[in-house]
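The next block is final_4.cif, given as mmCIF, N, CA, C and O atoms.
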```
data_run
loop_
_atom_site.group_PDB
_atom_site.id
_atom_site.type_symbol
_atom_site.label_atom_id
_atom_site.label_comp_id
_atom_site.auth_asym_id
_atom_site.auth_seq_id
_atom_site.Cartn_x
_atom_site.Cartn_y
_atom_site.Cartn_z
ATOM 1 N N MET A 10 111.047 78.258 113.300
ATOM 2 C CA MET A 10 109.791 78.939 113.082
ATOM 3 C C MET A 10 109.491 78.977 111.586
ATOM 4 O O MET A 10 110.337 79.331 110.784
ATOM 5 N N ARG A 11 108.309 78.615 111.229
ATOM 6 C CA ARG A 11 107.898 78.637 109.828
ATOM 7 C C ARG A 11 107.368 80.024 109.480
ATOM 8 O O ARG A 11 106.558 80.589 110.203
ATOM 9 N N HIS A 12 107.866 80.549 108.380
ATOM 10 C CA HIS A 12 107.446 81.874 107.933
ATOM 11 C C HIS A 12 106.260 81.750 106.984
ATOM 12 O O HIS A 12 106.327 81.038 105.989
ATOM 13 N N GLN A 13 105.183 82.415 107.304
ATOM 14 C CA GLN A 13 103.999 82.457 106.452
ATOM 15 C C GLN A 13 103.942 83.853 105.839
ATOM 16 O O GLN A 13 103.722 84.831 106.538
ATOM 17 N N ILE A 14 104.135 83.938 104.516
ATOM 18 C CA ILE A 14 104.203 85.218 103.837
ATOM 19 C C ILE A 14 102.889 85.491 103.115
ATOM 20 O O ILE A 14 102.361 84.626 102.420
ATOM 21 N N THR A 15 102.361 86.702 103.295
ATOM 22 C CA THR A 15 101.143 87.149 102.632
ATOM 23 C C THR A 15 101.477 88.370 101.783
ATOM 24 O O THR A 15 102.075 89.322 102.279
ATOM 25 N N VAL A 16 101.099 88.332 100.501
ATOM 26 C CA VAL A 16 101.293 89.474 99.602
ATOM 27 C C VAL A 16 99.913 90.003 99.247
ATOM 28 O O VAL A 16 99.039 89.246 98.820
ATOM 29 N N GLU A 17 99.714 91.312 99.465
ATOM 30 C CA GLU A 17 98.395 91.889 99.208
ATOM 31 C C GLU A 17 98.523 93.282 98.595
ATOM 32 O O GLU A 17 99.505 93.983 98.834
ATOM 33 N N PRO A 18 97.521 93.678 97.794
ATOM 34 C CA PRO A 18 97.548 95.009 97.196
ATOM 35 C C PRO A 18 97.089 96.077 98.191
ATOM 36 O O PRO A 18 96.308 95.806 99.101
ATOM 37 N N GLU A 19 97.613 97.277 98.019
ATOM 38 C CA GLU A 19 97.153 98.436 98.790
ATOM 39 C C GLU A 19 96.703 99.480 97.783
ATOM 40 O O GLU A 19 97.492 99.927 96.960
ATOM 41 N N HIS A 20 95.445 99.839 97.841
ATOM 42 C CA HIS A 20 94.889 100.768 96.861
ATOM 43 C C HIS A 20 95.300 102.197 97.200
ATOM 44 O O HIS A 20 95.194 102.622 98.337
ATOM 45 N N ARG A 21 95.765 102.913 96.180
ATOM 46 C CA ARG A 21 96.231 104.287 96.354
ATOM 47 C C ARG A 21 95.277 105.312 95.753
ATOM 48 O O ARG A 21 95.590 106.477 95.718
ATOM 49 N N GLY A 22 94.138 104.862 95.261
ATOM 50 C CA GLY A 22 93.160 105.775 94.672
ATOM 51 C C GLY A 22 93.352 105.902 93.175
ATOM 52 O O GLY A 22 94.423 105.640 92.634
ATOM 53 N N TYR A 23 92.310 106.288 92.489
ATOM 54 C CA TYR A 23 92.305 106.476 91.034
ATOM 55 C C TYR A 23 92.782 105.233 90.288
ATOM 56 O O TYR A 23 93.461 105.334 89.276
ATOM 57 N N GLY A 24 92.471 104.044 90.803
ATOM 58 C CA GLY A 24 92.830 102.800 90.140
ATOM 59 C C GLY A 24 94.277 102.396 90.292
ATOM 60 O O GLY A 24 94.723 101.434 89.687
ATOM 61 N N ARG A 25 95.035 103.113 91.092
ATOM 62 C CA ARG A 25 96.447 102.785 91.315
ATOM 63 C C ARG A 25 96.596 101.981 92.599
ATOM 64 O O ARG A 25 95.830 102.158 93.538
ATOM 65 N N HIS A 26 97.580 101.101 92.627
ATOM 66 C CA HIS A 26 97.848 100.348 93.847
ATOM 67 C C HIS A 26 99.318 99.933 93.886
ATOM 68 O O HIS A 26 100.004 99.922 92.874
ATOM 69 N N THR A 27 99.778 99.646 95.078
ATOM 70 C CA THR A 27 101.109 99.083 95.292
ATOM 71 C C THR A 27 100.917 97.756 96.020
ATOM 72 O O THR A 27 99.823 97.433 96.472
ATOM 73 N N TRP A 28 101.984 96.983 96.126
ATOM 74 C CA TRP A 28 101.915 95.663 96.762
ATOM 75 C C TRP A 28 102.739 95.655 98.036
ATOM 76 O O TRP A 28 103.831 96.209 98.095
ATOM 77 N N ASN A 29 102.201 95.030 99.066
ATOM 78 C CA ASN A 29 102.861 94.914 100.363
ATOM 79 C C ASN A 29 103.005 93.438 100.722
ATOM 80 O O ASN A 29 102.213 92.614 100.285
ATOM 81 N N TYR A 30 104.028 93.133 101.521
ATOM 82 C CA TYR A 30 104.100 91.777 102.068
ATOM 83 C C TYR A 30 104.168 91.845 103.580
ATOM 84 O O TYR A 30 104.679 92.796 104.157
ATOM 85 N N LEU A 31 103.594 90.847 104.199
ATOM 86 C CA LEU A 31 103.622 90.681 105.642
ATOM 87 C C LEU A 31 104.043 89.244 105.933
ATOM 88 O O LEU A 31 103.587 88.319 105.279
ATOM 89 N N CYS A 32 104.915 89.060 106.909
ATOM 90 C CA CYS A 32 105.368 87.730 107.291
ATOM 91 C C CYS A 32 104.932 87.449 108.720
ATOM 92 O O CYS A 32 104.777 88.373 109.528
ATOM 93 N N SER A 33 104.740 86.189 109.029
ATOM 94 C CA SER A 33 104.303 85.810 110.371
ATOM 95 C C SER A 33 105.340 86.142 111.442
ATOM 96 O O SER A 33 105.005 86.233 112.615
ATOM 97 N N CYS A 34 106.596 86.367 111.031
ATOM 98 C CA CYS A 34 107.636 86.725 112.008
ATOM 99 C C CYS A 34 107.615 88.216 112.333
ATOM 100 O O CYS A 34 108.351 88.673 113.193
ATOM 101 N N GLY A 35 106.776 88.981 111.611
ATOM 102 C CA GLY A 35 106.664 90.413 111.886
ATOM 103 C C GLY A 35 107.335 91.294 110.851
ATOM 104 O O GLY A 35 107.226 92.511 110.925
ATOM 105 N N ALA A 36 108.026 90.709 109.876
ATOM 106 C CA ALA A 36 108.672 91.502 108.822
ATOM 107 C C ALA A 36 107.609 92.055 107.880
ATOM 108 O O ALA A 36 106.612 91.398 107.593
ATOM 109 N N LYS A 37 107.836 93.299 107.420
ATOM 110 C CA LYS A 37 106.885 93.959 106.532
ATOM 111 C C LYS A 37 107.641 94.651 105.411
ATOM 112 O O LYS A 37 108.754 95.113 105.605
ATOM 113 N N GLY A 38 107.004 94.738 104.255
ATOM 114 C CA GLY A 38 107.561 95.484 103.140
ATOM 115 C C GLY A 38 106.431 96.190 102.421
ATOM 116 O O GLY A 38 105.394 95.589 102.137
ATOM 117 N N TYR A 39 106.607 97.480 102.150
ATOM 118 C CA TYR A 39 105.540 98.286 101.576
ATOM 119 C C TYR A 39 105.977 98.966 100.294
ATOM 120 O O TYR A 39 107.154 99.267 100.111
ATOM 121 N N GLY A 40 104.999 99.247 99.418
ATOM 122 C CA GLY A 40 105.216 100.105 98.271
ATOM 123 C C GLY A 40 105.867 99.468 97.064
ATOM 124 O O GLY A 40 106.437 100.171 96.241
ATOM 125 N N HIS A 41 105.797 98.158 96.909
ATOM 126 C CA HIS A 41 106.379 97.502 95.739
ATOM 127 C C HIS A 41 105.478 97.717 94.527
ATOM 128 O O HIS A 41 104.263 97.702 94.623
ATOM 129 N N GLN A 42 106.090 97.905 93.364
ATOM 130 C CA GLN A 42 105.337 98.256 92.168
ATOM 131 C C GLN A 42 104.607 97.075 91.534
ATOM 132 O O GLN A 42 103.702 97.281 90.739
ATOM 133 N N SER A 43 105.005 95.851 91.849
ATOM 134 C CA SER A 43 104.331 94.680 91.286
ATOM 135 C C SER A 43 104.256 93.582 92.337
ATOM 136 O O SER A 43 104.994 93.592 93.325
ATOM 137 N N LYS A 44 103.382 92.617 92.089
ATOM 138 C CA LYS A 44 103.250 91.485 93.007
ATOM 139 C C LYS A 44 104.536 90.669 93.020
ATOM 140 O O LYS A 44 104.981 90.214 94.073
ATOM 141 N N GLY A 45 105.158 90.503 91.857
ATOM 142 C CA GLY A 45 106.413 89.762 91.770
ATOM 143 C C GLY A 45 107.523 90.424 92.561
ATOM 144 O O GLY A 45 108.331 89.750 93.207
ATOM 145 N N ALA A 46 107.582 91.743 92.514
ATOM 146 C CA ALA A 46 108.607 92.471 93.279
ATOM 147 C C ALA A 46 108.398 92.291 94.777
ATOM 148 O O ALA A 46 109.364 92.141 95.535
ATOM 149 N N ALA A 47 107.146 92.286 95.211
ATOM 150 C CA ALA A 47 106.857 92.082 96.633
ATOM 151 C C ALA A 47 107.226 90.671 97.064
ATOM 152 O O ALA A 47 107.782 90.461 98.143
ATOM 153 N N GLU A 48 106.920 89.666 96.212
ATOM 154 C CA GLU A 48 107.270 88.283 96.539
ATOM 155 C C GLU A 48 108.787 88.113 96.605
ATOM 156 O O GLU A 48 109.301 87.420 97.485
ATOM 157 N N HIS A 49 109.501 88.748 95.687
ATOM 158 C CA HIS A 49 110.959 88.658 95.673
ATOM 159 C C HIS A 49 111.554 89.281 96.939
ATOM 160 O O HIS A 49 112.458 88.719 97.557
ATOM 161 N N ALA A 50 111.043 90.432 97.340
ATOM 162 C CA ALA A 50 111.522 91.079 98.558
ATOM 163 C C ALA A 50 111.200 90.239 99.791
ATOM 164 O O ALA A 50 112.000 90.157 100.725
ATOM 165 N N ALA A 51 110.029 89.608 99.797
ATOM 166 C CA ALA A 51 109.639 88.765 100.935
ATOM 167 C C ALA A 51 110.571 87.571 101.063
ATOM 168 O O ALA A 51 110.999 87.209 102.165
ATOM 169 N N LYS A 52 110.909 86.940 99.936
ATOM 170 C CA LYS A 52 111.836 85.809 99.977
ATOM 171 C C LYS A 52 113.233 86.258 100.359
ATOM 172 O O LYS A 52 113.995 85.497 100.948
ATOM 173 N N GLY A 53 113.580 87.496 100.048
ATOM 174 C CA GLY A 53 114.899 88.034 100.392
ATOM 175 C C GLY A 53 115.090 88.223 101.884
ATOM 176 O O GLY A 53 116.222 88.258 102.357
ATOM 177 N N HIS A 54 114.024 88.371 102.647
ATOM 178 C CA HIS A 54 114.186 88.565 104.088
ATOM 179 C C HIS A 54 114.444 87.248 104.815
ATOM 180 O O HIS A 54 114.906 87.247 105.945
ATOM 181 N N LEU A 55 114.178 86.111 104.175
ATOM 182 C CA LEU A 55 114.331 84.806 104.855
ATOM 183 C C LEU A 55 115.758 84.519 105.302
ATOM 184 O O LEU A 55 115.950 84.099 106.444
ATOM 185 N N PRO A 56 116.793 84.731 104.463
ATOM 186 C CA PRO A 56 118.147 84.462 104.958
ATOM 187 C C PRO A 56 118.527 85.379 106.134
ATOM 188 O O PRO A 56 119.218 84.945 107.046
ATOM 189 N N ARG A 57 118.039 86.601 106.130
ATOM 190 C CA ARG A 57 118.341 87.511 107.225
ATOM 191 C C ARG A 57 117.602 87.093 108.503
ATOM 192 O O ARG A 57 118.079 87.318 109.605
ATOM 193 N N ALA A 58 116.435 86.456 108.344
ATOM 194 C CA ALA A 58 115.653 86.023 109.493
ATOM 195 C C ALA A 58 116.112 84.650 110.011
ATOM 196 O O ALA A 58 115.691 84.216 111.062
ATOM 197 N N GLY A 59 116.932 83.952 109.238
ATOM 198 C CA GLY A 59 117.449 82.666 109.667
ATOM 199 C C GLY A 59 116.449 81.542 109.557
ATOM 200 O O GLY A 59 116.473 80.599 110.336
ATOM 201 N N GLY A 60 115.562 81.611 108.583
ATOM 202 C CA GLY A 60 114.561 80.561 108.436
ATOM 203 C C GLY A 60 114.185 80.332 107.001
ATOM 204 O O GLY A 60 114.807 80.837 106.097
ATOM 205 N N ARG A 61 113.143 79.526 106.803
ATOM 206 C CA ARG A 61 112.643 79.234 105.467
ATOM 207 C C ARG A 61 111.192 79.609 105.384
ATOM 208 O O ARG A 61 110.452 79.471 106.272
#
```

Using structure tokens, write down the structure from this file.
Amino acid sequence: MRHQITVEPEHRGYGRHTWNYLCSCGAKGYGHQSKGAAEHAAKGHLPRAGGR
């Protein structure tokens, strides 16, 4: 199964936001402080999911 990862901002009000990732396999990660941190966490779930 090919994993399609999407990283998107979530607005928290007053100009603040956090970054979330969603994967096509159903894995989710919320509340990352930067886009890079969300991408790193998303790539970290791949070995646990057994795919690329």

Using all atoms listed in the file, list the residues that have an atom at most 6 Å from (103.2, 101.8, 99.7), coordinates as in the file, as a PDB file with N, CA, C and O atoms, in the frame of the given file.
```pdb
ATOM      1  N   THR A  27      99.778  99.646  95.078  1.00  0.00           N
ATOM      2  CA  THR A  27     101.109  99.083  95.292  1.00  0.00           C
ATOM      3  C   THR A  27     100.917  97.756  96.020  1.00  0.00           C
ATOM      4  O   THR A  27      99.823  97.433  96.472  1.00  0.00           O
ATOM      5  N   TRP A  28     101.984  96.983  96.126  1.00  0.00           N
ATOM      6  CA  TRP A  28     101.915  95.663  96.762  1.00  0.00           C
ATOM      7  C   TRP A  28     102.739  95.655  98.036  1.00  0.00           C
ATOM      8  O   TRP A  28     103.831  96.209  98.095  1.00  0.00           O
ATOM      9  N   TYR A  39     106.607  97.480 102.150  1.00  0.00           N
ATOM     10  CA  TYR A  39     105.540  98.286 101.576  1.00  0.00           C
ATOM     11  C   TYR A  39     105.977  98.966 100.294  1.00  0.00           C
ATOM     12  O   TYR A  39     107.154  99.267 100.111  1.00  0.00           O
ATOM     13  N   GLY A  40     104.999  99.247  99.418  1.00  0.00           N
ATOM     14  CA  GLY A  40     105.216 100.105  98.271  1.00  0.00           C
ATOM     15  C   GLY A  40     105.867  99.468  97.064  1.00  0.00           C
ATOM     16  O   GLY A  40     106.437 100.171  96.241  1.00  0.00           O
ATOM     17  N   HIS A  41     105.797  98.158  96.909  1.00  0.00           N
ATOM     18  CA  HIS A  41     106.379  97.502  95.739  1.00  0.00           C
ATOM     19  C   HIS A  41     105.478  97.717  94.527  1.00  0.00           C
ATOM     20  O   HIS A  41     104.263  97.702  94.623  1.00  0.00           O
TER      21      HIS A  41
END
```

Task: All helix (DSSP H, G or I) positions in chain A, as a PyMOL selection string - done: chain A and resi 44-58

TODO: Within chain A, find each residue whose DSSP state, derived from the backbone, is strand (DSSP E or B), and express the selection as a list in words.
DONE: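 Selection result, strand (DSSP E or B) within chain A: Ile14, Thr15, Val16, Glu17, Pro18, Glu19, His20, Arg21, Gly22, Arg25, His26, Thr27, Trp28, Asn29, Tyr30, Leu31, Cys32, Lys37, Gly38, Tyr39, Gly40 and His41 of chain A.
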
TODO: Grab the atom O of Cys34 of chain A to atom O of Pro18 of chain A distance for me, in Å with one decimal place.
DONE: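 Going from atom O of Cys34 of chain A over to atom O of Pro18 of chain A, I get 19.9 Å.
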
Open item on the list: When you look at Gln42 of chain A with a cut-off of 12 Å (counting only C-alpha atoms), what residues show up, excluding the ones that are within fewer than 5 positions of it in the same chain? I need them as a PyMOL selection string.
Closed with: chain A and resi 17-21+25-30+47-50

Open item on the list: Suppose a student applies the PyMOL selection byres ((chain A and resi 14) around 8) to this structure; what residues should they get, written as a ChimeraX atom specification?
Closed with: /A:11-13,15-17,29-34,36,51-52,61

Hey, can you spit out that residue selection with N, CA, C and O atoms as an mmCIF file, in the coordinates of the input?
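Dumped to part_5.cif:
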```cif
data_model
loop_
_atom_site.group_PDB
_atom_site.id
_atom_site.type_symbol
_atom_site.label_atom_id
_atom_site.label_comp_id
_atom_site.auth_asym_id
_atom_site.auth_seq_id
_atom_site.Cartn_x
_atom_site.Cartn_y
_atom_site.Cartn_z
ATOM 1 N N ARG A 11 108.309 78.615 111.229
ATOM 2 C CA ARG A 11 107.898 78.637 109.828
ATOM 3 C C ARG A 11 107.368 80.024 109.480
ATOM 4 O O ARG A 11 106.558 80.589 110.203
ATOM 5 N N HIS A 12 107.866 80.549 108.380
ATOM 6 C CA HIS A 12 107.446 81.874 107.933
ATOM 7 C C HIS A 12 106.260 81.750 106.984
ATOM 8 O O HIS A 12 106.327 81.038 105.989
ATOM 9 N N GLN A 13 105.183 82.415 107.304
ATOM 10 C CA GLN A 13 103.999 82.457 106.452
ATOM 11 C C GLN A 13 103.942 83.853 105.839
ATOM 12 O O GLN A 13 103.722 84.831 106.538
ATOM 13 N N THR A 15 102.361 86.702 103.295
ATOM 14 C CA THR A 15 101.143 87.149 102.632
ATOM 15 C C THR A 15 101.477 88.370 101.783
ATOM 16 O O THR A 15 102.075 89.322 102.279
ATOM 17 N N VAL A 16 101.099 88.332 100.501
ATOM 18 C CA VAL A 16 101.293 89.474 99.602
ATOM 19 C C VAL A 16 99.913 90.003 99.247
ATOM 20 O O VAL A 16 99.039 89.246 98.820
ATOM 21 N N GLU A 17 99.714 91.312 99.465
ATOM 22 C CA GLU A 17 98.395 91.889 99.208
ATOM 23 C C GLU A 17 98.523 93.282 98.595
ATOM 24 O O GLU A 17 99.505 93.983 98.834
ATOM 25 N N ASN A 29 102.201 95.030 99.066
ATOM 26 C CA ASN A 29 102.861 94.914 100.363
ATOM 27 C C ASN A 29 103.005 93.438 100.722
ATOM 28 O O ASN A 29 102.213 92.614 100.285
ATOM 29 N N TYR A 30 104.028 93.133 101.521
ATOM 30 C CA TYR A 30 104.100 91.777 102.068
ATOM 31 C C TYR A 30 104.168 91.845 103.580
ATOM 32 O O TYR A 30 104.679 92.796 104.157
ATOM 33 N N LEU A 31 103.594 90.847 104.199
ATOM 34 C CA LEU A 31 103.622 90.681 105.642
ATOM 35 C C LEU A 31 104.043 89.244 105.933
ATOM 36 O O LEU A 31 103.587 88.319 105.279
ATOM 37 N N CYS A 32 104.915 89.060 106.909
ATOM 38 C CA CYS A 32 105.368 87.730 107.291
ATOM 39 C C CYS A 32 104.932 87.449 108.720
ATOM 40 O O CYS A 32 104.777 88.373 109.528
ATOM 41 N N SER A 33 104.740 86.189 109.029
ATOM 42 C CA SER A 33 104.303 85.810 110.371
ATOM 43 C C SER A 33 105.340 86.142 111.442
ATOM 44 O O SER A 33 105.005 86.233 112.615
ATOM 45 N N CYS A 34 106.596 86.367 111.031
ATOM 46 C CA CYS A 34 107.636 86.725 112.008
ATOM 47 C C CYS A 34 107.615 88.216 112.333
ATOM 48 O O CYS A 34 108.351 88.673 113.193
ATOM 49 N N ALA A 36 108.026 90.709 109.876
ATOM 50 C CA ALA A 36 108.672 91.502 108.822
ATOM 51 C C ALA A 36 107.609 92.055 107.880
ATOM 52 O O ALA A 36 106.612 91.398 107.593
ATOM 53 N N ALA A 51 110.029 89.608 99.797
ATOM 54 C CA ALA A 51 109.639 88.765 100.935
ATOM 55 C C ALA A 51 110.571 87.571 101.063
ATOM 56 O O ALA A 51 110.999 87.209 102.165
ATOM 57 N N LYS A 52 110.909 86.940 99.936
ATOM 58 C CA LYS A 52 111.836 85.809 99.977
ATOM 59 C C LYS A 52 113.233 86.258 100.359
ATOM 60 O O LYS A 52 113.995 85.497 100.948
ATOM 61 N N ARG A 61 113.143 79.526 106.803
ATOM 62 C CA ARG A 61 112.643 79.234 105.467
ATOM 63 C C ARG A 61 111.192 79.609 105.384
ATOM 64 O O ARG A 61 110.452 79.471 106.272
#
```

Around all of segment 46-52 of chain A's listed atoms, make the axis-aligned box with 5 Å on each side and tell me centre and edge lengths in Å to one decimal, as AutoDock Vina command-line options.
```
--center_x 110.4 --center_y 89.0 --center_z 97.3 --size_x 17.1 --size_y 17.0 --size_z 19.7
```
